[in-house]
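Trainee: Got a structure for you, questions after.
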Amino acid sequence: MADVEAARRALEDALGQSEVLSDPLALRLYARDASLVEGGCALVAFPRRLPDVVACVRIAGEHGLPIVPRGSGTGLAGGSTPIGDALVVVTSKMTDLIEVRPADRLAWVEPGLANLDLANALRPYGFTYAPDPSSQQTSSIGGNVSTNAGGPHCLAYGVTSNHVLALDVVLPDGNVERLGSEGPETAGYDLRAVMVGSEGTLGVVAAVCVRLTPLPPAVRTMLLDFETVAECAATVSAIIASGVVPAAVEMMDNGIVVAAERFAHAGYPTDAAAILIVEVDGTEAAVEEQAAAVESAASANGVRTIRVAADEAERALIWKGRKSAFGAVAQIAPHYHLHDCVVPRSKLVDVLAGVYDIAERHDLIVTNVFHAGDGNLHPLLSFDRTVPGTLERVLAASEEIVRLCVDAGGALSGEHGIGLEKRDFMPLVFTAEDLSAQACVRSAFDPDARMNPLKVLPDGARCGDFAMARGNDAARAAAELPEGAWL
Ligand SMILES: Cc1cc2nc3c(=O)[nH]c(=O)nc-3n(C[C@H](O)[C@H](O)[C@H](O)COP(=O)(O)OP(=O)(O)OC[C@H]3O[C@@H](n4cnc5c(N)ncnc54)[C@H](O)[C@@H]3O)c2cc1C
C-alpha cells in the first residue's frame with residue numbers, strides 16, 4: 001500500500017520543498033504526455049543531480065510508489081503518462097552539458113538537456129549530435145534515449161541507439177550502474193542497447209555519453225513536388241534503389257503542405273499532391289553526385305519542379321515547415337492522433353492508398369508527413385474530441401492503419417515507442433513466447449515491477465514458466481559437460 005504522505009515528506013527532505021509537487025493542478029499537468037491518453041499521479045519530483053535521482057527511486061521504493069521517469073513529456077505513445085499512485089521523476093532540471101571531448105568524439109550530458117541545445121552546443125567544436133527528432137527544440141536526450149528516437153537525418157546517420165556510447169542508470173533498487181563504455185566495445189552483453197528504447201521500464205537514465213558526428217563540409221537541400229502521391233512515394237524507392245542514401249528524405253502530402261505553409265511561409269507549393277524534402281551531404285563531389293542521382297530518380301517518376309535551397313536561410317525555412325508540421329495541423333482541428341508504423345519502402349504507395357481509404361470510410365481527415373526514406377509513416381488523424389463519437393472513430397481507424405502496416409510486413413513503431421497507446425497491439429507482431437522473453441528481460445532489471453508499470457508489454461505478458469523450464473534445461477546441459485571440456 002502506497003504511503004504518499006510519508007513519501008512526500010521524505011522527498012522534500014532529500015530534494016528540498018520546491019522540488020516536489022503534490023497540488024492537484026500540478027498533478028494534472030504531469031498526468032499526460034503529447035499522446036491522447038491521460039492518467040494520474042501522486043507526486044512529481046525534480047531531481048537536480050544524480051544523487052537526487054537515487055533518492056527519488058529509493059524513497060518511492062520504501063513507500064510503495066511506482067516510478068514514472070519523464071523528460072519533456074513530448075512522447076506520442078503515452079510512455080510518460082503516469083498511472084495510479086505513481087511518483088513522476090522529471091529530469092527537466094538536469095540540463096548540464098557535463099563535458100565535451102572532441103578528441104574522443106564524445107560528450108557526457110545530463111538527461112534533461114534538450115536535443116537541439118546539445119546540437120547547438122557542439123557546433124563550435126565542428127560537431128553535431130545527429131539524431132534530430134522534429135521535437136528537438138523541446139524533447140530531452142533522456143527521453144530520446146528511452147524511446148530510441150529517430151528524426152529526418154537518421155536515414156543516413158542512424159537512430160539514437162547508434163549515437164549512445166554509455167549510460168549511467170539508476171536501477172529500480174537505487175543502485176547506479178554504467179551500461180556501455182566510452183570505448184568502441186564493451187565486454188559481455190550489450191546492456192546499453194537493452195536500455196536504449198526501454199521507455200522508462202528498466203531504470204532512470206541519469207547521464208548519457210553521446211557520440212559526436214562531424215558537421216558535413218557541404219549540404220544540399222532540395223524540395224521536389226509531384227502531381228500524385230503515388231509518384232512522390234515511388235520516387236523515394238527509386239532514390240534508395242539507385243544506391244544513394246541521402247541524409248534525409250521527408251514526405252508531406254497536400255493537406256500537411258497547406259497547413260505547414262500557412263504557419264511557416266516556407267514557399268511550399270500548395271497545389272502539389274505531395275512534396276519531398278531531400279537533403280544530401282558530404283564532400284562537394286559527393287553532394288554533386290548524390291543530387292544528380294536524386295534528380296534522375298525524381299525525373300523518372302514525374303517530378304514537377306525541383307527547388308534547391310540557395311543558402312542556409314532558405315534551407316532553414318524549408319526545414320522549419322517540416323519540423324513544425326505537427327503543430328501546424330492545429331489549424332485543421334484541435335486534436336490529432338497518429339501512429340508511427342514502419343513499412344517496407346517498396347510498399348509505401350499501396351499502404352498510403354490504404355490509409356486514405358481507411359480515413360474516408362471513417363469520415364476522418366488524414367494528412368501524412370513522415371520520414372519516407374525509412375518507410376516510417378505518421379498518418380495524422382485530425383479531429384475534435386468534444387464531438388460525440390469522433391474519438392471512437394479515430395481509434396477504430398487508427399487500429400485499421402496499424403493492422404494495414406503490420407500486414408504489409410511493417411513494424412509497430414519506428415521511433416515513438418509503444419508506451420500505453422500501442423501496448424495492446426504487441427501481440428500482432430510478437431508471439432506469446434516472444435512477449436514472455438521480453439518480460440523476463442524486464443524482470444531481470446525490475447523484479448518488483450516498480451518502473452513505469454503497465455507500459456510496453458500487454459497484460460498477461462509474464463516471464464513465463466516455459467522460459468524457466470528452458471533455463472533449467474540449459475543449466476542441466478551445462479552441468480553435464482563432458483570431463484575435460486574446460487581448457
Ligand atoms: C511535434 C512533435 C514531433 C515529434 N517528432 C519526433 C521525431 O521526429 N522523432 C521521434 O523519434 N519522436 C518524435 N516525437 C516524439 C517525442 O518527441 C520523442 O519520443 C522524444 O524522444 C520524447 O522525449 P521527451 O523528453 O519528451 O520524453 P517523455 O515524453 O517525457 O518520455 C518518453 C519516454 O521516455 C521515458 N523517459 C524519459 N526520460 C527518461 C529517463 N531519464 N530515464 C528513463 N526513461 C525516461 C518515459 O518514461 C517515457 O516512456 C515528436 C513529438 C512531437 C510532439
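Residue numbering restarts at 1 in every chain; chains get A, B, ... in the order shown in the C-alpha cells, and ligands count up from 1 in that same order.
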I'd like the contact shell of Lys422 (chain A) - 9 Å cut-off, only C-alpha atoms, skipping same-chain residues fewer than 2 positions apart - returned as a PyMOL selection string.
Mentor: chain A and resi 77-78+339+412-413+417-420+424-426+456
Trainee: Excluding Gly126 (chain A) and its own-chain neighbours fewer than 5 positions away, which residues fall within 10 Å of it when counting only C-alpha atoms? Please give them as a list of chain:residue names.
Mentor: A:Pro102, A:Ala121, A:Leu212, A:Thr213, A:Pro214, A:Leu215, A:Pro216, A:Pro217
Trainee: Take the selection from the previous step and output its residues with N, CA and C atoms, as a CSV table (one decimal), in the first residue's frame.
Mentor:
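For reference, selection_25.csv as written:
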```csv
chain,number,residue,atom,x,y,z
A,102,PRO,N,36.2,16.5,-27.8
A,102,PRO,CA,36.3,16.3,-29.3
A,102,PRO,C,37.3,15.3,-29.7
A,121,ALA,N,25.3,23.3,-28.9
A,121,ALA,CA,26.5,23.5,-28.1
A,121,ALA,C,27.7,22.8,-28.7
A,212,LEU,N,29.9,12.0,-31.0
A,212,LEU,CA,29.8,13.3,-31.8
A,212,LEU,C,30.0,12.9,-33.3
A,213,THR,N,29.2,13.6,-34.1
A,213,THR,CA,29.3,13.5,-35.6
A,213,THR,C,29.8,14.7,-36.2
A,214,PRO,N,30.9,14.6,-37.0
A,214,PRO,CA,31.4,15.8,-37.6
A,214,PRO,C,30.4,16.5,-38.5
A,215,LEU,N,30.4,17.9,-38.5
A,215,LEU,CA,29.5,18.6,-39.4
A,215,LEU,C,29.9,18.3,-40.8
A,216,PRO,N,29.0,18.1,-41.8
A,216,PRO,CA,29.5,17.8,-43.1
A,216,PRO,C,30.0,19.0,-43.8
A,217,PRO,N,31.0,18.9,-44.7
A,217,PRO,CA,31.6,20.1,-45.3
A,217,PRO,C,30.6,20.7,-46.3
```
Trainee: Show me, as a tab-separated table (two decimals) with N, CA and C atoms, in the first residue's frame, the residues that have an atom within 10 Å of Leu15 (chain A) when counting only C-alpha atoms, minus same-chain residues fewer than 2 positions from it.
Mentor:
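File produced: part12.tsv:
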```
chain	number	residue	atom	x	y	z
A	10	ALA	N	9.60	12.65	2.83
A	10	ALA	CA	10.97	12.16	2.62
A	10	ALA	C	11.60	12.82	1.39
A	11	LEU	N	10.80	13.00	0.35
A	11	LEU	CA	11.33	13.63	-0.87
A	11	LEU	C	11.67	15.09	-0.61
A	12	GLU	N	10.81	15.77	0.13
A	12	GLU	CA	11.09	17.19	0.43
A	12	GLU	C	12.37	17.31	1.27
A	13	ASP	N	12.57	16.38	2.19
A	13	ASP	CA	13.80	16.41	2.99
A	13	ASP	C	15.02	16.20	2.09
A	17	GLN	N	11.88	21.44	-0.60
A	17	GLN	CA	10.43	21.53	-0.75
A	17	GLN	C	10.02	21.96	-2.16
A	18	SER	N	10.81	22.89	-2.74
A	18	SER	CA	10.42	23.45	-4.04
A	18	SER	C	10.53	22.41	-5.17
A	19	GLU	N	11.20	21.29	-4.91
A	19	GLU	CA	11.42	20.30	-5.98
A	19	GLU	C	10.41	19.16	-5.95
A	20	VAL	N	9.39	19.31	-5.13
A	20	VAL	CA	8.36	18.26	-5.03
A	20	VAL	C	6.98	18.91	-5.17
A	45	ALA	N	8.49	14.88	-8.78
A	45	ALA	CA	9.76	15.33	-8.19
A	45	ALA	C	10.72	15.77	-9.29
A	46	PHE	N	11.54	16.77	-8.95
A	46	PHE	CA	12.50	17.33	-9.90
A	46	PHE	C	13.93	17.18	-9.37
A	47	PRO	N	14.56	16.03	-9.62
A	47	PRO	CA	15.95	15.89	-9.20
A	47	PRO	C	16.83	16.88	-9.96
A	48	ARG	N	17.91	17.31	-9.31
A	48	ARG	CA	18.85	18.22	-10.00
A	48	ARG	C	20.16	17.52	-10.33
A	49	ARG	N	20.49	16.48	-9.59
A	49	ARG	CA	21.74	15.76	-9.80
A	49	ARG	C	21.48	14.26	-9.61
A	51	PRO	N	22.53	12.03	-7.44
A	51	PRO	CA	22.12	11.55	-6.10
A	51	PRO	C	20.64	11.85	-5.81
A	52	ASP	N	20.11	12.92	-6.39
A	52	ASP	CA	18.67	13.20	-6.19
A	52	ASP	C	17.83	12.11	-6.86
A	53	VAL	N	18.28	11.65	-8.02
A	53	VAL	CA	17.53	10.58	-8.72
A	53	VAL	C	17.54	9.32	-7.86
A	55	ALA	N	17.81	9.20	-4.67
A	55	ALA	CA	16.90	9.43	-3.53
A	55	ALA	C	15.45	9.20	-3.96
A	56	CYS	N	15.08	9.71	-5.13
A	56	CYS	CA	13.70	9.53	-5.62
A	56	CYS	C	13.35	8.05	-5.72
```
Trainee: Closest to ligand 1 among A:Val441, A:Leu454, A:Met222, A:Met1, using only C-alpha atoms and all ligand atoms?
Mentor: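 Smallest separation from ligand 1 among the options: A:Leu454.
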Trainee: If DSSP is run on the backbone, what residues of region 161-298 of chain A are alpha helix (DSSP H)? A reply as an NGL selection string would be ideal.
Mentor: :A and (191-195 or 229-241 or 254-264 or 284-298)
Trainee: With C-alpha atoms retained, export the selected residues as a tab-separated table (two decimals), in the first residue's frame.
Mentor:
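Once written, result.tsv looks like this:
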```
chain	number	residue	atom	x	y	z
A	191	LEU	CA	23.03	-3.79	-21.78
A	192	ARG	CA	23.35	-0.24	-23.13
A	193	ALA	CA	21.40	-1.42	-26.16
A	194	VAL	CA	18.77	-3.03	-23.92
A	195	MET	CA	18.35	0.24	-22.04
A	229	VAL	CA	1.12	10.91	-54.06
A	230	ALA	CA	1.99	7.68	-55.88
A	231	GLU	CA	4.71	9.37	-57.98
A	232	CYS	CA	6.13	11.02	-54.89
A	233	ALA	CA	6.23	7.74	-52.95
A	234	ALA	CA	7.67	5.88	-55.94
A	235	THR	CA	10.49	8.44	-56.10
A	236	VAL	CA	11.51	7.54	-52.55
A	237	SER	CA	12.00	3.88	-53.52
A	238	ALA	CA	13.77	4.90	-56.73
A	239	ILE	CA	16.26	7.13	-54.89
A	240	ILE	CA	17.23	4.35	-52.48
A	241	ALA	CA	17.30	1.76	-55.30
A	254	ASN	CA	-1.14	18.18	-49.74
A	255	GLY	CA	-3.10	18.58	-46.50
A	256	ILE	CA	0.04	18.95	-44.42
A	257	VAL	CA	1.80	21.13	-47.04
A	258	VAL	CA	-1.08	23.61	-46.91
A	259	ALA	CA	-1.15	23.68	-43.08
A	260	ALA	CA	2.65	23.97	-42.76
A	261	GLU	CA	2.84	26.68	-45.41
A	262	ARG	CA	0.23	28.79	-43.62
A	263	PHE	CA	2.32	28.54	-40.48
A	264	ALA	CA	5.92	28.69	-41.73
A	284	GLU	CA	31.28	18.83	-52.63
A	285	ALA	CA	31.87	16.00	-55.09
A	286	ALA	CA	29.71	13.54	-53.14
A	287	VAL	CA	26.92	16.10	-52.86
A	288	GLU	CA	27.04	16.73	-56.62
A	289	GLU	CA	26.89	13.01	-57.37
A	290	GLN	CA	24.05	12.28	-54.93
A	291	ALA	CA	21.99	15.28	-56.06
A	292	ALA	CA	22.27	14.10	-59.67
A	293	ALA	CA	21.02	10.63	-58.67
A	294	VAL	CA	18.08	12.15	-56.78
A	295	GLU	CA	17.16	14.36	-59.75
A	296	SER	CA	17.28	11.45	-62.14
A	297	ALA	CA	15.11	9.22	-59.87
A	298	ALA	CA	12.59	12.06	-59.48
```
Trainee: Could you tell me how far CA of Leu352 (chain A) sits from CA of Val429 (chain A), in Å to one decimal place?
Mentor: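 Value for the CA of Val429 (chain A)-CA of Leu352 (chain A) distance: 20.4 Å.
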Trainee: Please return as a list in words: the residues of region 320-414 of chain A that backbone DSSP assigns to strand (DSSP E or B).
Mentor: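 These are the residues in question: His335, Tyr336, His337, Leu338, Val342, Ile365, Val366, Thr367, Asn368, Val369, Phe370, His371, Asn376, Pro379, Leu380, Leu381, Ser382, Phe383 and Ala411 of chain A.
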Trainee: Nearest to ligand 1: which of A:Leu428, A:Leu65, A:Val219, A:Ala206 is it, counting only C-alpha atoms and all ligand atoms?
Mentor: A:Ala206
Trainee: Separation of CA of Val349 (chain A) and CA of Ala328 (chain A), in Å?
Mentor: 24.7 Å
Trainee: Looking at only C-alpha atoms and all ligand atoms, which of A:Ala439, A:Ala310, A:Ala330, A:Ile318 is the one that sits closest to ligand 1?
Mentor: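 Of all the options, A:Ala330 lies closest to ligand 1.
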Trainee: Find, counting only C-alpha atoms and all ligand atoms, the residue in A:Ala325, A:Ile277, A:Leu25, A:Val308 that gets nearest to ligand 1.
Mentor: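 Of A:Ala325, A:Ile277, A:Leu25, A:Val308, the one nearest ligand 1, counting only C-alpha atoms and all ligand atoms, is A:Ala325.
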Trainee: For each of A:Thr147, A:Thr386, A:Asn368, A:Ser242, take the minimum atom-to-atom distance to ligand 1, counting only C-alpha atoms and all ligand atoms, then give the residue where this is smallest.
Mentor: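 Once distances to ligand 1 are computed over only C-alpha atoms and all ligand atoms, the minimum belongs to A:Thr147.
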